[in-house]
Amino acid sequence: MKALAVALLLFWPVGLAAQHVTIGPQIAFGDYREVSSALHYRGNGLAAKATVEWKKLSADVVLSKVKYKPTESNSGASEFDASEIDVRMRYYIRGPFSAEVGFMNRKADPEFEAQSVGAVTLGAYMGYLLGPGVHMSLNGGLLFGAKYSGGGTTSGLGAVQLGLGLTVDALKGRMKVTGDYGFQTFARTVDNGSGPLDAPIQQSLGRVGLAIAF
Amino acid sequence: MHRSTSWFAALVLVLPVMGQAQTIQNATLRRAQQAFDNLDYRQALTVAQASLRERLSGFERGRAYELLGFTYSGMDSILKAVEAFKQVVLIEPERDLDPNRTSPKALSAFQVALTQILVVRQLRVDSSNFIGGQGAVPIRYIVTQPSRVVTRITGGTGPLASMRIDSTVANGQVNLRWPARLPSGDPVPAGNYNVVVEATVGQNNFSTSQPIRITHGAVDTLEHLTSLPGYTYLPETEVPPKSWKPLGLALVYSGVALAGTSALSHGELGSPSMREGAVIGVGIATAGFVMTLKKPAPQPARGNILYNQLLREQITRRNTEIAQENTRRRQQVAVTVTPLPRTGGGR
């Protein structure tokens, strides 16, 4: 939440001048898997999304907190909270294409129930106006320099993200209905002395909510 | 046969005289006219000559000579007829005989008379209205002999006390155009003037005049344009035809996201969860379907926008020209020239 406040402080004045700021709450629902199919979680939570647009630049800041619970009660796993911040800045290039750069950071609480991870994102964004006030987007990219709380490494192309977005204007554009889907996969490898072992991490997160436009 | 022809000739000769608005008061002249009407040419001749020795008005004197001219013509005394008609023309230079109602002999004698004396006839100044410096007043007249003819404007002050506007050697019909300007180039001030035409040959001269009135008015200014005739603005947006593109693209976007999710998932983590992606994907596909059914939003019509822009530029340019033209017109005067009734003949 501190990060969202910082991000809002950074972008708020610019957004006011440009009159292209949206901010609003979302309901989040996700699926989280780690190491093997035995560690499978599903959960719900809350999220907040802020978007700022200024000329060819735009930025998304998403904060989410999802309480994940194991899908199988006898797996020995415990529920945990995943708090994530996802910041992306885009620069419009041409047609539907924009270049995208940012970072993400997800923390697990309790700390040892799941891996906390942080990475820098680099990718592309495609936006398309389906009709008056209805906008959809598709984005994808690589997650570089991933750091895990439990250690481990990921090759250069081993961490990928995909996203899908929908924004529908309501109340003459003052209100927006938002829907976002984000998929992250980390081909994490650990080495505890007996050789490298695959310990992948994968999350699918859906978010549906409202936003107010300024 | 001879009698009936004489009657006809008499009728034809007398009709022009009867058509005059003024009436003959002199009794002797009336008797002469009566004798002519009775085809008693000798009596008509004697009495008409007697009437000329009496006090006659100008009109009566002209009629007396005309009666003599017709009588001499009827008596085949052409030279005397010509002399009589010369007197008619000198008294009334504008006098003309109707060729449809006058005997050829009399008409011929009248034409010969015209060529033997110097007169300026049928001086006409046409009514005209023009912007000062950009038009002219048409003036025309007939001079009966080759002569030096000088046309002047008189009746004003300064240079307009007597301003020569034309000088030429002419014979017959003369047409000229007077720009109604002073030597300085300014329009002639408003007022009443005379157009005087003086013809001179040797010791003979003749002049006639036509009064005119010159008035000044403001020149009409042009209205500013709001549109060009024949050109109308085109709509700057146009509704594109319905297409399945929104639904198609929504399915493509959603499909790519879900297929990517499936392809990028690690096998050891089990089958990937499509729930989250499916929820958003279905939402996008639904939105695409709705947008496909919905009337498409108007899109800017670039060609029409450029056309309208060009039209606006043309109208602006034309209005700028109109404004400049109006500024110039406000500094101009509209000159109106009207001929006035003449008070007398020439001399």
# chains A, B, ... in the order shown; residues from 1 in each chain; ligands from 1
>>> select_by_dssp(residues="chain A", states="helix (DSSP H, G or I)", output="list in words")
Lys2, Ala3, Leu4, Ala5, Val6, Ala7, Leu8, Leu9, Leu10, Phe11, Trp12, Pro13, Val14, Gly15, Leu16, Ala17, Ala18, Ser73, Asn74 and Ser75 of chain A
>>> closest_atom_pairs(of="chain B", to="chain A", cutoff="7 Å", atoms="only C-alpha atoms", output="Markdown table")
| residue | atom | partner | partner_atom | distance |
| --- | --- | --- | --- | --- |
| B:Pro246 | CA | A:Leu130 | CA | 5.2 |
| B:Tyr253 | CA | A:Leu138 | CA | 6.3 |
| B:Ala257 | CA | A:Leu164 | CA | 6.5 |
| B:Thr261 | CA | A:Phe183 | CA | 6.7 |
| B:Ser265 | CA | A:Thr185 | CA | 6.9 |
| B:Glu268 | CA | A:Ser36 | CA | 5.6 |
| B:Leu269 | CA | A:Ser37 | CA | 4.2 |
| B:Gly270 | CA | A:Ser37 | CA | 5.1 |
| B:Ser273 | CA | A:Asp31 | CA | 6.7 |
| B:Glu276 | CA | A:Gly206 | CA | 4.8 |
| B:Gly277 | CA | A:Tyr181 | CA | 5.7 |
| B:Ile280 | CA | A:Gly179 | CA | 6.1 |
| B:Ile284 | CA | A:Leu166 | CA | 6.3 |
| B:Gly288 | CA | A:Leu130 | CA | 6.2 |
| B:Met291 | CA | A:Gly131 | CA | 5.6 |
| B:Pro296 | CA | A:Gly131 | CA | 6.9 |
| B:Ala297 | CA | A:Pro132 | CA | 6.0 |
>>> atom_distance(atom1="atom CA of A:Ala77", atom2="atom CA of A:Thr189")
20.8 Å
>>> select_by_dssp(residues="stretch 208-273 of chain B", states="strand (DSSP E or B)", output="ChimeraX atom specification")
/B:208-218,237-238
>>> write_last_selection(atoms="all heavy atoms", output="compact mmCIF listing (two decimals), in the first residue's frame")
# COMPACT_ATOMS: atom_id res chain seq x y z
N THR B 208 -26.59 72.99 -80.31
CA THR B 208 -27.78 72.51 -79.61
C THR B 208 -27.33 71.99 -78.25
O THR B 208 -26.12 71.75 -78.03
CB THR B 208 -28.50 71.41 -80.40
OG1 THR B 208 -29.73 71.09 -79.74
CG2 THR B 208 -27.66 70.14 -80.50
N SER B 209 -28.26 71.83 -77.36
CA SER B 209 -27.86 71.40 -76.02
C SER B 209 -28.91 70.46 -75.43
O SER B 209 -30.07 70.44 -75.87
CB SER B 209 -27.68 72.61 -75.10
OG SER B 209 -28.91 73.26 -74.92
N GLN B 210 -28.47 69.73 -74.46
CA GLN B 210 -29.35 68.82 -73.74
C GLN B 210 -29.05 68.97 -72.25
O GLN B 210 -27.93 68.69 -71.80
CB GLN B 210 -29.08 67.36 -74.17
CG GLN B 210 -29.74 66.31 -73.31
CD GLN B 210 -31.26 66.32 -73.41
OE1 GLN B 210 -31.82 66.25 -74.50
NE2 GLN B 210 -31.93 66.46 -72.28
N PRO B 211 -30.01 69.42 -71.46
CA PRO B 211 -29.76 69.53 -70.01
C PRO B 211 -29.71 68.13 -69.37
O PRO B 211 -30.46 67.23 -69.77
CB PRO B 211 -30.93 70.34 -69.48
CG PRO B 211 -31.97 70.29 -70.53
CD PRO B 211 -31.34 69.92 -71.82
N ILE B 212 -28.83 68.02 -68.42
CA ILE B 212 -28.72 66.74 -67.68
C ILE B 212 -28.61 67.05 -66.20
O ILE B 212 -28.23 68.16 -65.81
CB ILE B 212 -27.49 65.92 -68.13
CG1 ILE B 212 -26.21 66.73 -67.94
CG2 ILE B 212 -27.64 65.41 -69.54
CD1 ILE B 212 -24.95 65.93 -68.09
N ARG B 213 -28.95 66.07 -65.40
CA ARG B 213 -28.77 66.19 -63.95
C ARG B 213 -27.84 65.07 -63.50
O ARG B 213 -28.04 63.91 -63.86
CB ARG B 213 -30.10 66.07 -63.22
CG ARG B 213 -29.94 66.06 -61.69
CD ARG B 213 -31.28 66.09 -60.98
NE ARG B 213 -31.93 67.37 -61.22
CZ ARG B 213 -33.25 67.52 -61.37
NH1 ARG B 213 -34.03 66.47 -61.32
NH2 ARG B 213 -33.78 68.71 -61.57
N ILE B 214 -26.83 65.46 -62.71
CA ILE B 214 -25.90 64.47 -62.17
C ILE B 214 -26.12 64.40 -60.67
O ILE B 214 -26.12 65.42 -59.98
CB ILE B 214 -24.44 64.83 -62.48
CG1 ILE B 214 -24.20 64.72 -63.99
CG2 ILE B 214 -23.46 63.94 -61.71
CD1 ILE B 214 -22.80 65.07 -64.43
N THR B 215 -26.35 63.18 -60.20
CA THR B 215 -26.50 62.99 -58.75
C THR B 215 -25.47 61.97 -58.28
O THR B 215 -25.01 61.12 -59.06
CB THR B 215 -27.92 62.48 -58.40
OG1 THR B 215 -28.18 61.32 -59.20
CG2 THR B 215 -28.96 63.53 -58.66
N HIS B 216 -25.12 62.08 -57.02
CA HIS B 216 -24.14 61.16 -56.42
C HIS B 216 -24.83 60.27 -55.39
O HIS B 216 -25.75 60.71 -54.72
CB HIS B 216 -23.02 61.93 -55.74
CG HIS B 216 -22.06 62.54 -56.71
ND1 HIS B 216 -20.98 63.29 -56.32
CD2 HIS B 216 -22.02 62.52 -58.06
CE1 HIS B 216 -20.32 63.71 -57.39
NE2 HIS B 216 -20.94 63.26 -58.46
N GLY B 217 -24.39 59.08 -55.28
CA GLY B 217 -24.91 58.17 -54.26
C GLY B 217 -23.80 57.25 -53.78
O GLY B 217 -22.69 57.25 -54.33
N ALA B 218 -24.13 56.51 -52.74
CA ALA B 218 -23.14 55.55 -52.20
C ALA B 218 -23.11 54.32 -53.09
O ALA B 218 -24.14 53.89 -53.62
CB ALA B 218 -23.51 55.16 -50.78
N THR B 237 -17.60 13.46 -40.03
CA THR B 237 -17.50 12.08 -39.52
C THR B 237 -18.42 11.22 -40.36
O THR B 237 -19.41 11.70 -40.90
CB THR B 237 -17.92 11.99 -38.04
OG1 THR B 237 -19.24 12.49 -37.91
CG2 THR B 237 -16.98 12.76 -37.14
N GLU B 238 -18.07 9.96 -40.45
CA GLU B 238 -18.94 9.04 -41.17
C GLU B 238 -18.98 7.72 -40.41
O GLU B 238 -18.00 7.31 -39.78
CB GLU B 238 -18.45 8.84 -42.61
CG GLU B 238 -17.03 8.37 -42.73
CD GLU B 238 -16.53 8.43 -44.16
OE1 GLU B 238 -17.22 9.00 -45.01
OE2 GLU B 238 -15.45 7.89 -44.40
>>> residues_around(residues="stretch 101-116 of chain B", least_positions_apart="2", cutoff="8 Å", atoms="only C-alpha atoms", output="list in words")
Ala9, Val12, Leu13, Leu15, Pro16, Gly69, Phe70, Ser73, Gly74, Asp76, Ile78, Leu79, Ala81, Val82, Glu83, Phe85, Lys86, Val89, Leu97, Asp98, Pro99, Leu118, Val119, Thr144 and Gln145 of chain B
>>> write_last_selection(atoms="N, CA, C and O atoms", output="compact mmCIF listing (two decimals), in the first residue's frame")
# COMPACT_ATOMS: atom_id res chain seq x y z
N ALA B 9 -52.60 61.63 -101.89
CA ALA B 9 -51.38 62.36 -101.59
C ALA B 9 -51.66 63.44 -100.54
O ALA B 9 -50.87 63.63 -99.60
N VAL B 12 -52.00 61.89 -97.12
CA VAL B 12 -50.69 61.47 -96.59
C VAL B 12 -49.86 62.67 -96.14
O VAL B 12 -49.17 62.63 -95.12
N LEU B 13 -49.96 63.74 -96.90
CA LEU B 13 -49.16 64.92 -96.57
C LEU B 13 -49.69 65.65 -95.34
O LEU B 13 -48.93 66.20 -94.55
N LEU B 15 -51.53 64.37 -92.76
CA LEU B 15 -51.56 63.61 -91.50
C LEU B 15 -50.46 63.99 -90.51
O LEU B 15 -50.74 64.16 -89.33
N PRO B 16 -49.20 64.13 -91.00
CA PRO B 16 -48.16 64.52 -90.02
C PRO B 16 -48.49 65.85 -89.36
O PRO B 16 -48.20 66.05 -88.17
N GLY B 69 -43.66 73.45 -98.25
CA GLY B 69 -42.84 72.34 -98.75
C GLY B 69 -43.69 71.25 -99.35
O GLY B 69 -43.43 70.75 -100.45
N PHE B 70 -44.77 70.89 -98.63
CA PHE B 70 -45.66 69.84 -99.15
C PHE B 70 -46.34 70.30 -100.43
O PHE B 70 -46.50 69.53 -101.38
N SER B 73 -43.94 70.32 -103.29
CA SER B 73 -43.69 68.92 -103.67
C SER B 73 -44.83 68.41 -104.52
O SER B 73 -44.63 67.73 -105.53
N GLY B 74 -46.07 68.73 -104.07
CA GLY B 74 -47.23 68.28 -104.82
C GLY B 74 -47.26 68.90 -106.20
O GLY B 74 -47.80 68.31 -107.15
N ASP B 76 -44.60 69.56 -107.89
CA ASP B 76 -43.34 69.14 -108.53
C ASP B 76 -42.32 70.26 -108.59
O ASP B 76 -41.42 70.24 -109.42
N ILE B 78 -39.53 70.99 -106.86
CA ILE B 78 -38.68 70.37 -105.86
C ILE B 78 -37.74 71.38 -105.22
O ILE B 78 -37.53 71.38 -104.00
N LEU B 79 -37.13 72.25 -106.02
CA LEU B 79 -36.16 73.19 -105.47
C LEU B 79 -36.82 74.11 -104.45
O LEU B 79 -36.26 74.39 -103.38
N ALA B 81 -39.52 73.40 -102.85
CA ALA B 81 -39.89 72.53 -101.71
C ALA B 81 -38.69 72.37 -100.77
O ALA B 81 -38.82 72.44 -99.54
N VAL B 82 -37.51 72.19 -101.40
CA VAL B 82 -36.30 72.05 -100.57
C VAL B 82 -36.05 73.31 -99.77
O VAL B 82 -35.75 73.26 -98.57
N GLU B 83 -36.22 74.45 -100.39
CA GLU B 83 -36.01 75.71 -99.69
C GLU B 83 -36.98 75.84 -98.51
O GLU B 83 -36.62 76.30 -97.43
N PHE B 85 -38.45 73.40 -96.89
CA PHE B 85 -38.10 72.44 -95.82
C PHE B 85 -36.84 72.88 -95.06
O PHE B 85 -36.70 72.58 -93.87
N LYS B 86 -35.92 73.58 -95.75
CA LYS B 86 -34.73 74.11 -95.05
C LYS B 86 -35.17 75.07 -93.95
O LYS B 86 -34.62 75.06 -92.84
N VAL B 89 -36.46 73.07 -91.05
CA VAL B 89 -35.40 72.46 -90.22
C VAL B 89 -34.69 73.52 -89.40
O VAL B 89 -34.30 73.29 -88.25
N LEU B 97 -39.96 63.76 -90.72
CA LEU B 97 -41.19 63.33 -91.38
C LEU B 97 -41.30 61.82 -91.28
O LEU B 97 -40.30 61.11 -91.38
N ASP B 98 -42.53 61.38 -91.11
CA ASP B 98 -42.75 59.95 -91.00
C ASP B 98 -42.69 59.33 -92.40
O ASP B 98 -43.54 59.65 -93.24
N PRO B 99 -41.71 58.50 -92.69
CA PRO B 99 -41.59 57.97 -94.06
C PRO B 99 -42.79 57.12 -94.48
O PRO B 99 -43.02 56.92 -95.65
N LEU B 118 -26.58 73.25 -92.08
CA LEU B 118 -25.82 72.66 -90.98
C LEU B 118 -26.67 72.69 -89.72
O LEU B 118 -26.96 73.77 -89.19
N VAL B 119 -27.06 71.52 -89.27
CA VAL B 119 -27.76 71.42 -87.98
C VAL B 119 -27.25 70.19 -87.23
O VAL B 119 -26.75 69.23 -87.85
N THR B 144 -25.60 67.21 -89.83
CA THR B 144 -26.09 67.03 -91.20
C THR B 144 -25.06 67.33 -92.28
O THR B 144 -25.24 66.96 -93.43
N GLN B 145 -23.99 68.02 -91.93
CA GLN B 145 -22.94 68.32 -92.92
C GLN B 145 -21.58 68.03 -92.30
O GLN B 145 -21.42 68.14 -91.09
>>> atom_distance(atom1="atom CA of B:Thr338", atom2="atom CA of B:Gly156")
15.9 Å
>>> atom_distance(atom1="atom CA of A:Ala211", atom2="atom CA of A:Ala170")
9.8 Å
>>> residues_around(residues="A:Pro110", least_positions_apart="2", cutoff="12 Å", atoms="only C-alpha atoms", output="VMD selection string")
chain A and resid 67 to 68 77 to 83 107 to 108 112 to 116 149
>>> write_last_selection(atoms="all heavy atoms", output="compact mmCIF listing (two decimals), in the first residue's frame")
# COMPACT_ATOMS: atom_id res chain seq x y z
N LYS A 67 -5.56 -13.85 -0.59
CA LYS A 67 -5.35 -14.91 0.42
C LYS A 67 -5.48 -16.26 -0.28
O LYS A 67 -6.54 -16.63 -0.75
CB LYS A 67 -6.39 -14.80 1.54
CG LYS A 67 -6.23 -15.83 2.64
CD LYS A 67 -7.23 -15.64 3.76
CE LYS A 67 -6.83 -14.52 4.70
NZ LYS A 67 -5.59 -14.77 5.45
N TYR A 68 -4.31 -16.94 -0.41
CA TYR A 68 -4.29 -18.23 -1.10
C TYR A 68 -4.48 -19.36 -0.09
O TYR A 68 -3.85 -19.36 0.97
CB TYR A 68 -2.96 -18.41 -1.83
CG TYR A 68 -2.91 -17.65 -3.15
CD1 TYR A 68 -1.99 -16.61 -3.33
CD2 TYR A 68 -3.74 -17.99 -4.20
CE1 TYR A 68 -1.93 -15.93 -4.52
CE2 TYR A 68 -3.69 -17.31 -5.40
CZ TYR A 68 -2.78 -16.28 -5.57
OH TYR A 68 -2.74 -15.60 -6.73
N ALA A 77 0.20 -28.21 3.06
CA ALA A 77 0.48 -26.78 2.84
C ALA A 77 -0.47 -25.92 3.66
O ALA A 77 -1.56 -26.36 4.03
CB ALA A 77 0.31 -26.46 1.36
N SER A 78 -0.03 -24.68 3.92
CA SER A 78 -0.84 -23.75 4.70
C SER A 78 -1.21 -22.54 3.82
O SER A 78 -0.52 -22.22 2.86
CB SER A 78 -0.07 -23.25 5.93
OG SER A 78 0.29 -24.35 6.73
N GLU A 79 -2.27 -21.90 4.21
CA GLU A 79 -2.66 -20.70 3.45
C GLU A 79 -1.69 -19.57 3.71
O GLU A 79 -1.01 -19.55 4.74
CB GLU A 79 -4.08 -20.29 3.84
CG GLU A 79 -4.22 -19.86 5.29
CD GLU A 79 -5.65 -19.46 5.60
OE1 GLU A 79 -6.58 -20.09 5.06
OE2 GLU A 79 -5.83 -18.50 6.38
N PHE A 80 -1.64 -18.66 2.79
CA PHE A 80 -0.76 -17.50 2.95
C PHE A 80 -1.35 -16.31 2.18
O PHE A 80 -2.23 -16.48 1.32
CB PHE A 80 0.66 -17.82 2.45
CG PHE A 80 0.75 -18.01 0.96
CD1 PHE A 80 1.11 -16.95 0.12
CD2 PHE A 80 0.46 -19.24 0.38
CE1 PHE A 80 1.18 -17.14 -1.25
CE2 PHE A 80 0.53 -19.42 -0.99
CZ PHE A 80 0.90 -18.36 -1.81
N ASP A 81 -0.87 -15.15 2.51
CA ASP A 81 -1.29 -13.93 1.81
C ASP A 81 -0.21 -13.52 0.81
O ASP A 81 0.97 -13.48 1.17
CB ASP A 81 -1.50 -12.77 2.79
CG ASP A 81 -2.73 -13.00 3.65
OD1 ASP A 81 -3.60 -13.80 3.24
OD2 ASP A 81 -2.81 -12.40 4.74
N ALA A 82 -0.61 -13.23 -0.40
CA ALA A 82 0.34 -12.76 -1.42
C ALA A 82 0.04 -11.29 -1.70
O ALA A 82 -1.04 -10.95 -2.20
CB ALA A 82 0.20 -13.58 -2.69
N SER A 83 0.98 -10.43 -1.31
CA SER A 83 0.83 -8.99 -1.58
C SER A 83 1.74 -8.63 -2.74
O SER A 83 2.95 -8.88 -2.69
CB SER A 83 1.22 -8.17 -0.34
OG SER A 83 0.39 -8.54 0.74
N LYS A 107 5.14 -10.52 -2.24
CA LYS A 107 5.62 -11.04 -0.94
C LYS A 107 4.59 -12.00 -0.37
O LYS A 107 3.38 -11.77 -0.46
CB LYS A 107 5.82 -9.88 0.04
CG LYS A 107 7.07 -9.07 -0.28
CD LYS A 107 7.35 -8.05 0.81
CE LYS A 107 8.66 -7.33 0.50
NZ LYS A 107 8.91 -6.25 1.47
N ALA A 108 5.14 -13.05 0.17
CA ALA A 108 4.26 -14.05 0.79
C ALA A 108 4.29 -13.87 2.31
O ALA A 108 5.33 -13.54 2.89
CB ALA A 108 4.72 -15.46 0.44
N PHE A 112 7.64 -18.11 4.83
CA PHE A 112 8.17 -19.38 4.34
C PHE A 112 7.09 -20.30 3.76
O PHE A 112 7.37 -21.42 3.38
CB PHE A 112 8.91 -20.10 5.48
CG PHE A 112 10.09 -19.29 5.96
CD1 PHE A 112 10.07 -18.65 7.19
CD2 PHE A 112 11.22 -19.16 5.13
CE1 PHE A 112 11.15 -17.91 7.61
CE2 PHE A 112 12.28 -18.39 5.57
CZ PHE A 112 12.27 -17.75 6.81
N GLU A 113 5.86 -19.79 3.64
CA GLU A 113 4.80 -20.62 3.05
C GLU A 113 4.87 -20.62 1.53
O GLU A 113 4.38 -21.51 0.86
CB GLU A 113 3.43 -20.12 3.51
CG GLU A 113 3.12 -20.44 4.96
CD GLU A 113 3.13 -21.94 5.23
OE1 GLU A 113 2.73 -22.73 4.34
OE2 GLU A 113 3.57 -22.32 6.34
N ALA A 114 5.42 -19.52 0.95
CA ALA A 114 5.56 -19.44 -0.51
C ALA A 114 6.74 -18.53 -0.82
O ALA A 114 7.24 -17.83 0.07
CB ALA A 114 4.30 -18.90 -1.13
N GLN A 115 7.15 -18.56 -2.07
CA GLN A 115 8.29 -17.74 -2.46
C GLN A 115 7.86 -16.29 -2.69
O GLN A 115 6.86 -16.04 -3.36
CB GLN A 115 8.89 -18.28 -3.76
CG GLN A 115 9.58 -19.60 -3.61
CD GLN A 115 10.81 -19.50 -2.72
OE1 GLN A 115 11.55 -18.51 -2.77
NE2 GLN A 115 11.02 -20.50 -1.88
N SER A 116 8.63 -15.39 -2.10
CA SER A 116 8.49 -13.99 -2.48
C SER A 116 9.38 -13.78 -3.69
O SER A 116 10.46 -14.37 -3.80
CB SER A 116 8.93 -13.06 -1.34
OG SER A 116 8.07 -13.22 -0.23
N SER A 149 12.88 -15.26 -2.48
CA SER A 149 13.21 -15.25 -1.04
C SER A 149 13.88 -16.57 -0.61
O SER A 149 14.70 -16.59 0.30
CB SER A 149 11.95 -15.02 -0.21
OG SER A 149 10.99 -16.03 -0.51
